[in-house]
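S.K.: Below are the structure tokens for one structure; questions will follow.
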Amino acid sequence: MELFQVILALLVAQLLALLLDRIYVPSITAYILSGIILGPSILGIVTDVEPDILVSFSLIFLMFYAGLNVDFKGLEGYIKEVLIMTFSGVGVTIGLTMAVMTYLNFDPMAALVVAIAVANTATEVVVVMLEYAGTVSDEFRRILVMASFLDDLLAIGFIALVKGSILGDPVSVAFEVGKLVVFIVSFLGAIYFIVRKMHRVIYPLIINWSYLLLLSSMILFGTVFLSMILEVGEIYGAYVAGLAISMLRLVKDPTLVYEVRVEELVSRMSTFLQFFLIPIFFIYVGARADVVLMFSATTALVLFLALTGKFIGAGLPFFVRKEFRLGSIMGVAMNVRGSLEPAVVLIALQHGIIGIDLFTAVVSVSLLTSALIPTAFKVITEYIEV
């Protein structure tokens, strides 16, 4: 995108975000909608929709921010519940989507990409949704956030699966997935050891805000650079860097200095990213979508499968225990999307795995669920305590 297009798009996006915030719609929705309005499908102001370095840079920071928002303490306390709900939600959504789309003669690889994308729950939007919500228990909040995090992690792994499939043989698929797993496990394992065993060494780096900012920058750019050298992919490096910094919350400190500093970093980083970097990526995604195809039968099908699969899958563990009210509310909450699924289908679109029709369908799912689910969840939690 040219500089004129970027500046105008950011102005429109932030104005729309301000207006939609009054009805509890997350800013991501406004950014995608701005791209659609300004893109070739409607006004034709943003006409350059080929990826450039600015879009790639904004995606890196989006993934970094997604990792920062993970609270590992929630995973420690509710690991069983989180794992069951995550795999149930993702499994049912992928299974249902793949079965129906394959039956309707969609290309199996394209169906898999769509299934992977719509099975995700957006952690960043979940965090915003909980801020708007009414009465929500700490247990429900932690399970919801951590389940959405594991959804993100599975989506990251599935992206590696898609990347390997592009190369065309099972060995390549296994190699790409294996390389990613080794990279994530080894890097996070090293960070976990440092956090648990060497907190006295890192304390001076955390207590000083300038040092923390420099340390975070070094971790981000160093990990992204390493992931590029190892040909793992820069988006994985950025996500792992965010997870690494988020792990500082695990340091046992009765004064809570580490946790407060990390929360302060996340808050300030959120302000900076929302200023222009994250909007750029979602404006670009919106501009790539075809507004005519948003009202097609394909979009309606993908939206139905996404909502139905996630509602049944995320609520299933509760339905089995006959906790129908809680299961229904969780099924609604886990249906919010908006972050990684556009990245998944964008990569697939650029490599010719899916067409513009399926890309637009998934973007439409992100747009509608990120707009409607937070409002629905706020209304529900104002009348029903969870």
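Residues in the structure tokens are numbered from 1 in each chain, the chains being A, B, ... in the order shown, and ligands are numbered from 1 in the order shown.
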Dump as a Markdown table the rows for residues of stretch 273-326 of chain A within 9 Å of stretch 85-95 of chain A: closest atom pair and distance in Å with one decimal, only C-alpha atoms counted, ordered by chain and rising residue number.
M.R.:
```
| residue | atom | partner | partner_atom | distance |
| --- | --- | --- | --- | --- |
| A:Leu305 | CA | A:Thr93 | CA | 7.2 |
| A:Ala306 | CA | A:Thr93 | CA | 6.5 |
| A:Leu307 | CA | A:Thr93 | CA | 8.5 |
| A:Thr308 | CA | A:Thr93 | CA | 7.7 |
| A:Gly309 | CA | A:Thr93 | CA | 4.0 |
| A:Lys310 | CA | A:Gly89 | CA | 5.3 |
| A:Phe311 | CA | A:Gly89 | CA | 7.6 |
| A:Ile312 | CA | A:Gly89 | CA | 7.2 |
| A:Gly313 | CA | A:Gly89 | CA | 3.7 |
| A:Ala314 | CA | A:Gly89 | CA | 4.2 |
| A:Gly315 | CA | A:Met85 | CA | 7.5 |
| A:Leu316 | CA | A:Ser88 | CA | 7.1 |
| A:Pro317 | CA | A:Met85 | CA | 6.3 |
| A:Phe318 | CA | A:Met85 | CA | 8.8 |
```
S.K.: With C-alpha atoms retained, write the just-selected residues as an mmCIF file, in the first residue's frame.
M.R.:
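Written file, selection_0.cif:
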```
data_model
loop_
_atom_site.group_PDB
_atom_site.id
_atom_site.type_symbol
_atom_site.label_atom_id
_atom_site.label_comp_id
_atom_site.auth_asym_id
_atom_site.auth_seq_id
_atom_site.Cartn_x
_atom_site.Cartn_y
_atom_site.Cartn_z
ATOM 1 C CA LEU A 305 -20.184 -24.657 10.171
ATOM 2 C CA ALA A 306 -17.951 -22.359 12.230
ATOM 3 C CA LEU A 307 -20.692 -21.343 14.663
ATOM 4 C CA THR A 308 -22.261 -24.801 14.981
ATOM 5 C CA GLY A 309 -19.006 -26.722 15.316
ATOM 6 C CA LYS A 310 -17.515 -24.430 17.936
ATOM 7 C CA PHE A 311 -20.731 -24.163 19.955
ATOM 8 C CA ILE A 312 -21.175 -27.933 20.126
ATOM 9 C CA GLY A 313 -17.486 -28.704 20.575
ATOM 10 C CA ALA A 314 -16.688 -26.115 23.265
ATOM 11 C CA GLY A 315 -19.891 -26.831 25.162
ATOM 12 C CA LEU A 316 -19.709 -30.624 24.859
ATOM 13 C CA PRO A 317 -17.650 -31.295 28.039
ATOM 14 C CA PHE A 318 -20.262 -29.347 30.026
#
```
S.K.: Which residues come within 6 Å of stretch 352-363 of chain A, counting only C-alpha atoms, excluding same-chain residues fewer than 5 positions away, as a PDB file with N, CA and C atoms, in the first residue's frame?
M.R.:
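To be explicit, this is the file written out as part_9.pdb:
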```pdb
ATOM      1  N   ALA A 110      -8.213 -27.454   0.535  1.00  0.00           N
ATOM      2  CA  ALA A 110      -8.863 -26.168   0.799  1.00  0.00           C
ATOM      3  C   ALA A 110      -9.822 -26.289   1.977  1.00  0.00           C
ATOM      4  N   ALA A 289     -10.534  -8.959   0.682  1.00  0.00           N
ATOM      5  CA  ALA A 289     -11.815  -9.662   0.586  1.00  0.00           C
ATOM      6  C   ALA A 289     -12.679  -9.055  -0.518  1.00  0.00           C
ATOM      7  N   THR A 299     -20.005 -18.465   1.785  1.00  0.00           N
ATOM      8  CA  THR A 299     -19.807 -17.743   3.042  1.00  0.00           C
ATOM      9  C   THR A 299     -20.834 -18.167   4.081  1.00  0.00           C
ATOM     10  N   VAL A 345      -5.600 -18.146   6.426  1.00  0.00           N
ATOM     11  CA  VAL A 345      -6.137 -18.161   5.057  1.00  0.00           C
ATOM     12  C   VAL A 345      -5.363 -17.231   4.133  1.00  0.00           C
TER      13      VAL A 345
END
```
S.K.: Using only C-alpha atoms, which residues sit within 10 Å of stretch 196-205 of chain A once same-chain residues fewer than 3 positions away are excluded, as a CSV table (one decimal) with N, CA and C atoms, in the first residue's frame?
M.R.:
```
chain,number,residue,atom,x,y,z
A,191,ILE,N,13.7,-20.8,28.4
A,191,ILE,CA,13.2,-19.6,29.1
A,191,ILE,C,12.6,-20.0,30.4
A,192,TYR,N,11.9,-21.1,30.5
A,192,TYR,CA,11.2,-21.6,31.7
A,192,TYR,C,12.3,-21.9,32.7
A,193,PHE,N,13.4,-22.5,32.3
A,193,PHE,CA,14.5,-22.8,33.3
A,193,PHE,C,15.1,-21.5,33.8
A,208,ASN,N,13.7,-2.5,36.3
A,208,ASN,CA,14.0,-1.2,35.6
A,208,ASN,C,13.2,-1.2,34.2
A,209,TRP,N,12.4,-0.2,34.1
A,209,TRP,CA,11.5,-0.2,32.9
A,209,TRP,C,12.3,-0.2,31.6
A,210,SER,N,13.3,0.6,31.5
A,210,SER,CA,14.1,0.8,30.3
A,210,SER,C,14.8,-0.6,30.0
A,211,TYR,N,15.3,-1.3,31.0
A,211,TYR,CA,15.9,-2.6,30.7
A,211,TYR,C,14.9,-3.6,30.2
A,212,LEU,N,13.7,-3.5,30.8
A,212,LEU,CA,12.7,-4.5,30.4
A,212,LEU,C,12.3,-4.3,29.0
A,213,LEU,N,12.2,-3.0,28.6
A,213,LEU,CA,11.8,-2.7,27.2
A,213,LEU,C,12.9,-3.2,26.2
A,214,LEU,N,14.2,-2.9,26.6
A,214,LEU,CA,15.3,-3.4,25.8
A,214,LEU,C,15.3,-4.9,25.7
A,215,LEU,N,15.1,-5.6,26.9
A,215,LEU,CA,15.2,-7.0,26.9
A,215,LEU,C,14.1,-7.6,26.0
A,247,MET,N,6.1,-15.6,30.2
A,247,MET,CA,6.5,-16.6,31.2
A,247,MET,C,7.1,-15.9,32.5
A,248,LEU,N,7.4,-14.6,32.4
A,248,LEU,CA,7.9,-13.9,33.5
A,248,LEU,C,6.9,-13.9,34.7
A,250,LEU,N,5.5,-16.3,35.8
A,250,LEU,CA,5.6,-17.5,36.6
A,250,LEU,C,6.7,-17.4,37.7
A,251,VAL,N,7.4,-16.3,37.7
A,251,VAL,CA,8.5,-16.1,38.7
A,251,VAL,C,7.8,-16.0,40.1
A,252,LYS,N,8.3,-16.8,41.1
A,252,LYS,CA,7.7,-16.7,42.4
A,252,LYS,C,8.2,-15.5,43.1
A,253,ASP,N,7.4,-14.5,43.2
A,253,ASP,CA,7.8,-13.2,43.9
A,253,ASP,C,6.6,-12.7,44.7
A,257,VAL,N,6.3,-8.1,41.7
A,257,VAL,CA,7.0,-7.1,40.8
A,257,VAL,C,7.0,-7.6,39.4
A,258,TYR,N,7.4,-8.9,39.2
A,258,TYR,CA,7.5,-9.4,37.8
A,258,TYR,C,6.1,-9.3,37.1
```
S.K.: Please give the complete set of residues from stretch 30-214 of chain A that DSSP, run on the backbone, assigns to helix (DSSP H, G or I), formatted as a ChimeraX atom specification.
M.R.: /A:30-38,53-68,72-77,79-103,108-118,123-132,138-167,170-197,199-207,209-214
S.K.: For stretch 280-286 of chain A, find every residue with an atom within 6 Å (counting only C-alpha atoms), except residues of its own chain fewer than 6 positions away, and show them as number ranges by chain.
M.R.: A: 31-32, 35-36, 55, 58
S.K.: Taking only C-alpha atoms into account, name the residue in A:Leu273, A:Leu226, A:Val82, A:Val6 that is nearest to A:Asp151.
M.R.: A:Val82
S.K.: Quick one: distance from atom CA of A:Arg249 to atom CA of A:Gly67 in Å, one decimal?
M.R.: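 Interatomic distance, atom CA of A:Arg249 to atom CA of A:Gly67: 12.8 Å.
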S.K.: Set out as JSON lines a contact list for stretch 131-239 of chain A and stretch 10-26 of chain A with a cut-off of 10 Å, giving each residue of stretch 131-239 of chain A that qualifies its closest atom pair and distance in Å to one decimal, counting only C-alpha atoms, ordered by chain and rising residue number.
M.R.:
```
{"residue": "A:Glu131", "atom": "CA", "partner": "A:Tyr24", "partner_atom": "CA", "distance": 9.8}
{"residue": "A:Tyr132", "atom": "CA", "partner": "A:Tyr24", "partner_atom": "CA", "distance": 6.8}
{"residue": "A:Ala133", "atom": "CA", "partner": "A:Tyr24", "partner_atom": "CA", "distance": 9.4}
```
S.K.: Measuring atom to atom with only C-alpha atoms, identify which of A:Ile143, A:Leu59, A:Leu154, A:Val262 is nearest to A:Ala119.
M.R.: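 Of the candidates, the smallest distance to A:Ala119 is held by A:Leu154.
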S.K.: Produce a table with one row for each residue of stretch 195-231 of chain A that has an atom at most 12 Å from any atom of stretch 182-187 of chain A, each row naming the nearest atom pair and its distance in Å at one decimal; use only C-alpha atoms; arrange rows by chain and rising residue number; format as a Markdown table.
M.R.:
```
| residue | atom | partner | partner_atom | distance |
| --- | --- | --- | --- | --- |
| A:Ile219 | CA | A:Phe187 | CA | 11.0 |
| A:Gly222 | CA | A:Phe187 | CA | 11.8 |
| A:Thr223 | CA | A:Phe187 | CA | 9.0 |
| A:Val224 | CA | A:Phe183 | CA | 11.6 |
| A:Leu226 | CA | A:Phe183 | CA | 9.8 |
| A:Ser227 | CA | A:Phe183 | CA | 8.2 |
| A:Met228 | CA | A:Phe183 | CA | 11.6 |
| A:Ile229 | CA | A:Phe183 | CA | 12.0 |
| A:Leu230 | CA | A:Phe183 | CA | 9.0 |
| A:Glu231 | CA | A:Phe183 | CA | 10.6 |
```
S.K.: Could you tell me which of A:Gly338, A:Gly189, A:Gly178, A:Gly157 comes closest to A:Pro374 if we count only C-alpha atoms?
M.R.: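 Checking each candidate against A:Pro374, we get A:Gly338 as the closest.
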S.K.: Name the closest residue to A:Leu340 among the candidates A:Phe149, A:Phe72, A:Phe225, A:Tyr383; distances are taken between atoms, counting only C-alpha atoms.
M.R.: A:Phe149
S.K.: List every residue of stretch 100-194 of chain A that has an atom at most 12 Å from any atom of stretch 321-330 of chain A, and for each one report the closest atom pair and its distance in Å to one decimal, counting only C-alpha atoms, with rows sorted by chain and then by increasing residue number, as a Markdown table.
M.R.:
```
| residue | atom | partner | partner_atom | distance |
| --- | --- | --- | --- | --- |
| A:Thr121 | CA | A:Met330 | CA | 11.7 |
| A:Val126 | CA | A:Met330 | CA | 11.6 |
| A:Val136 | CA | A:Ile329 | CA | 11.0 |
| A:Ser137 | CA | A:Leu326 | CA | 11.7 |
| A:Phe140 | CA | A:Met330 | CA | 8.5 |
| A:Arg141 | CA | A:Met330 | CA | 10.2 |
| A:Ile143 | CA | A:Met330 | CA | 9.6 |
| A:Leu144 | CA | A:Met330 | CA | 7.6 |
| A:Val145 | CA | A:Met330 | CA | 11.2 |
| A:Ala147 | CA | A:Met330 | CA | 10.5 |
| A:Ser148 | CA | A:Met330 | CA | 11.3 |
```
S.K.: My list of candidates is A:Leu62, A:Ile235, A:Ile194, A:Met218. Which is closest to A:Ile156 when distances are computed with only C-alpha atoms?
M.R.: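 Smallest distance to A:Ile156 is found for A:Ile235.
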S.K.: Using atom CA of A:Ala241 and atom CA of A:Ala155 as the two end points, give the distance in Å to one decimal.
M.R.: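 According to the coordinates, atom CA of A:Ala241 and atom CA of A:Ala155 are separated by 16.7 Å.
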S.K.: Compile the contact shell of A:Ala111 as a ChimeraX atom specification: residues with an atom at most 7 Å away, counting only C-alpha atoms, same-chain residues fewer than 5 positions apart removed.
M.R.: /A:98,101-102,106
